[in-house]
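One structure is given here, and the rest of the page talks about it.
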Amino acid sequence: MRANRRLQGVMFRVLASVGAAAALTVPAHAAVPTQTLVHGAMSAIAGGPAADGLYDITFALYKDETGGSPFYSEGPVTVALKSGSWSWQLGSKTPLQPAALANLPTVWIGVKVGVDAELPRKPLSSVVF
């Protein structure tokens, strides 16, 4: 049974890379991925990791650090948290569009946990695939 949790005042860190953004550096014959793995950590307000369990998370990608509308979103999706850490295959429910990522100097990810407000956006980095 999935527990639907609402986090109040949880600190959140996202470590992410978008392989699709590497489209500018790969030969034309290479397929650009439509998914990428993102990792994150949740901490309780009092310190230490947030409680283990299942959390509803919504991801959004933006061209700017603040303001504007997302050009991509996925979720809410159910993500398992263990010892404060989680992973999600971004694009597994809504495929990423490599063309939308390729022309942006920086892509920013916004993360929303449950019904709480979206957390401050973090920049994504590309990786060689």
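Letters A, B, ... mark the chains of the structure tokens in the order given; residue numbers begin at 1 per chain; ligand numbers begin at 1, in order shown.
Running DSSP on the backbone and keeping only strand (DSSP E), the residues of segment 27-76 of chain A that qualify are A:Thr36, A:Leu37, A:Val38, A:His39, A:Gly40, A:Ala41, A:Met42, A:Ser43, A:Gly53, A:Leu54, A:Tyr55, A:Asp56, A:Ile57, A:Thr58, A:Phe59, A:Ala60, A:Leu61, A:Tyr62, A:Tyr72, A:Ser73, A:Glu74, A:Gly75, A:Pro76.
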Could you save those same residues with C-alpha atoms as an mmCIF file, in the first residue's frame?
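Wrote it out as selection_16.cif, contents follow:
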```cif
data_model
loop_
_atom_site.group_PDB
_atom_site.id
_atom_site.type_symbol
_atom_site.label_atom_id
_atom_site.label_comp_id
_atom_site.auth_asym_id
_atom_site.auth_seq_id
_atom_site.Cartn_x
_atom_site.Cartn_y
_atom_site.Cartn_z
ATOM 1 C CA THR A 36 17.864 10.433 -17.976
ATOM 2 C CA LEU A 37 18.416 9.380 -14.387
ATOM 3 C CA VAL A 38 18.017 12.055 -11.717
ATOM 4 C CA HIS A 39 19.012 11.613 -8.078
ATOM 5 C CA GLY A 40 18.043 13.622 -5.060
ATOM 6 C CA ALA A 41 18.107 13.743 -1.298
ATOM 7 C CA MET A 42 15.487 14.901 1.179
ATOM 8 C CA SER A 43 16.347 16.103 4.647
ATOM 9 C CA GLY A 53 8.517 5.874 2.204
ATOM 10 C CA LEU A 54 6.768 6.672 -1.046
ATOM 11 C CA TYR A 55 6.451 10.308 -2.107
ATOM 12 C CA ASP A 56 4.578 11.940 -4.967
ATOM 13 C CA ILE A 57 7.024 14.122 -6.906
ATOM 14 C CA THR A 58 6.474 16.332 -9.946
ATOM 15 C CA PHE A 59 9.431 17.379 -12.116
ATOM 16 C CA ALA A 60 9.501 20.399 -14.428
ATOM 17 C CA LEU A 61 12.208 21.714 -16.761
ATOM 18 C CA TYR A 62 12.663 25.429 -17.425
ATOM 19 C CA TYR A 72 8.529 19.948 -19.926
ATOM 20 C CA SER A 73 6.889 18.305 -16.917
ATOM 21 C CA GLU A 74 6.417 14.807 -15.586
ATOM 22 C CA GLY A 75 4.333 13.728 -12.654
ATOM 23 C CA PRO A 76 3.239 13.408 -10.098
#
```
*Considering only C-alpha atoms, return as a list in words whatever protein or nucleic-acid residues lie within 6 Å of segment 105-108 of chain A, sequence-local ones (same chain, fewer than 2 positions apart) excluded.*
Leu61, Tyr62, Lys63, Glu65, Arg121, Lys122, Pro123 and Leu124 of chain A
What would the file look like if the residues just selected were written as a compact mmCIF listing (two decimals), in the first residue's frame with N, CA, C and O atoms?
```txt
# COMPACT_ATOMS: atom_id res chain seq x y z
N LEU A 61 10.99 21.14 -16.19
CA LEU A 61 12.21 21.71 -16.76
C LEU A 61 11.90 23.10 -17.31
O LEU A 61 10.87 23.30 -17.96
N TYR A 62 12.83 24.02 -17.05
CA TYR A 62 12.66 25.43 -17.42
C TYR A 62 13.90 25.93 -18.16
O TYR A 62 15.00 25.42 -17.95
N LYS A 63 13.71 27.00 -18.93
CA LYS A 63 14.87 27.63 -19.58
C LYS A 63 15.50 28.67 -18.68
O LYS A 63 16.63 29.08 -18.90
N GLU A 65 16.16 30.24 -14.48
CA GLU A 65 16.26 29.86 -13.07
C GLU A 65 15.00 30.23 -12.28
O GLU A 65 14.61 29.52 -11.36
N ARG A 121 14.78 26.00 -8.18
CA ARG A 121 15.31 25.25 -9.30
C ARG A 121 16.82 25.08 -9.21
O ARG A 121 17.51 25.91 -8.68
N LYS A 122 17.27 23.96 -9.77
CA LYS A 122 18.69 23.63 -9.82
C LYS A 122 19.09 23.44 -11.28
O LYS A 122 18.31 22.91 -12.08
N PRO A 123 20.32 23.80 -11.65
CA PRO A 123 20.74 23.58 -13.04
C PRO A 123 21.07 22.11 -13.28
O PRO A 123 21.51 21.40 -12.38
N LEU A 124 20.81 21.68 -14.50
CA LEU A 124 21.15 20.31 -14.92
C LEU A 124 22.47 20.37 -15.68
O LEU A 124 22.81 21.36 -16.30
```
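Running DSSP on the backbone gives alpha helix (DSSP H) for these residues within segment 22-115 of chain A: Pro98, Ala99, Ala100, Leu101 and Ala102 of chain A.
Distances from A:Asp64, A:Leu104, A:Val77, A:Gly114 to Ser92 of chain A were compared using only C-alpha atoms, and the smallest one belongs to A:Val77.
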*For Phe71 of chain A, which residue out of A:Ala100, A:Ile45, A:Ala50, A:Leu90 is the nearest one, using only C-alpha atoms?*
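Comparing A:Ala100, A:Ile45, A:Ala50, A:Leu90 against Phe71 of chain A, the winner is A:Ala100.
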*Gap from atom CA of Leu81 of chain A to atom CA of Thr34 of chain A - Å, one decimal*: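 Straight-line distance from atom CA of Leu81 of chain A to atom CA of Thr34 of chain A works out to 24.0 Å.
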*Tell me which of A:Ser69, A:Gly91, A:Gly84, A:Thr78 sits closest to Gly48 of chain A, counting only C-alpha atoms.*
A:Gly84
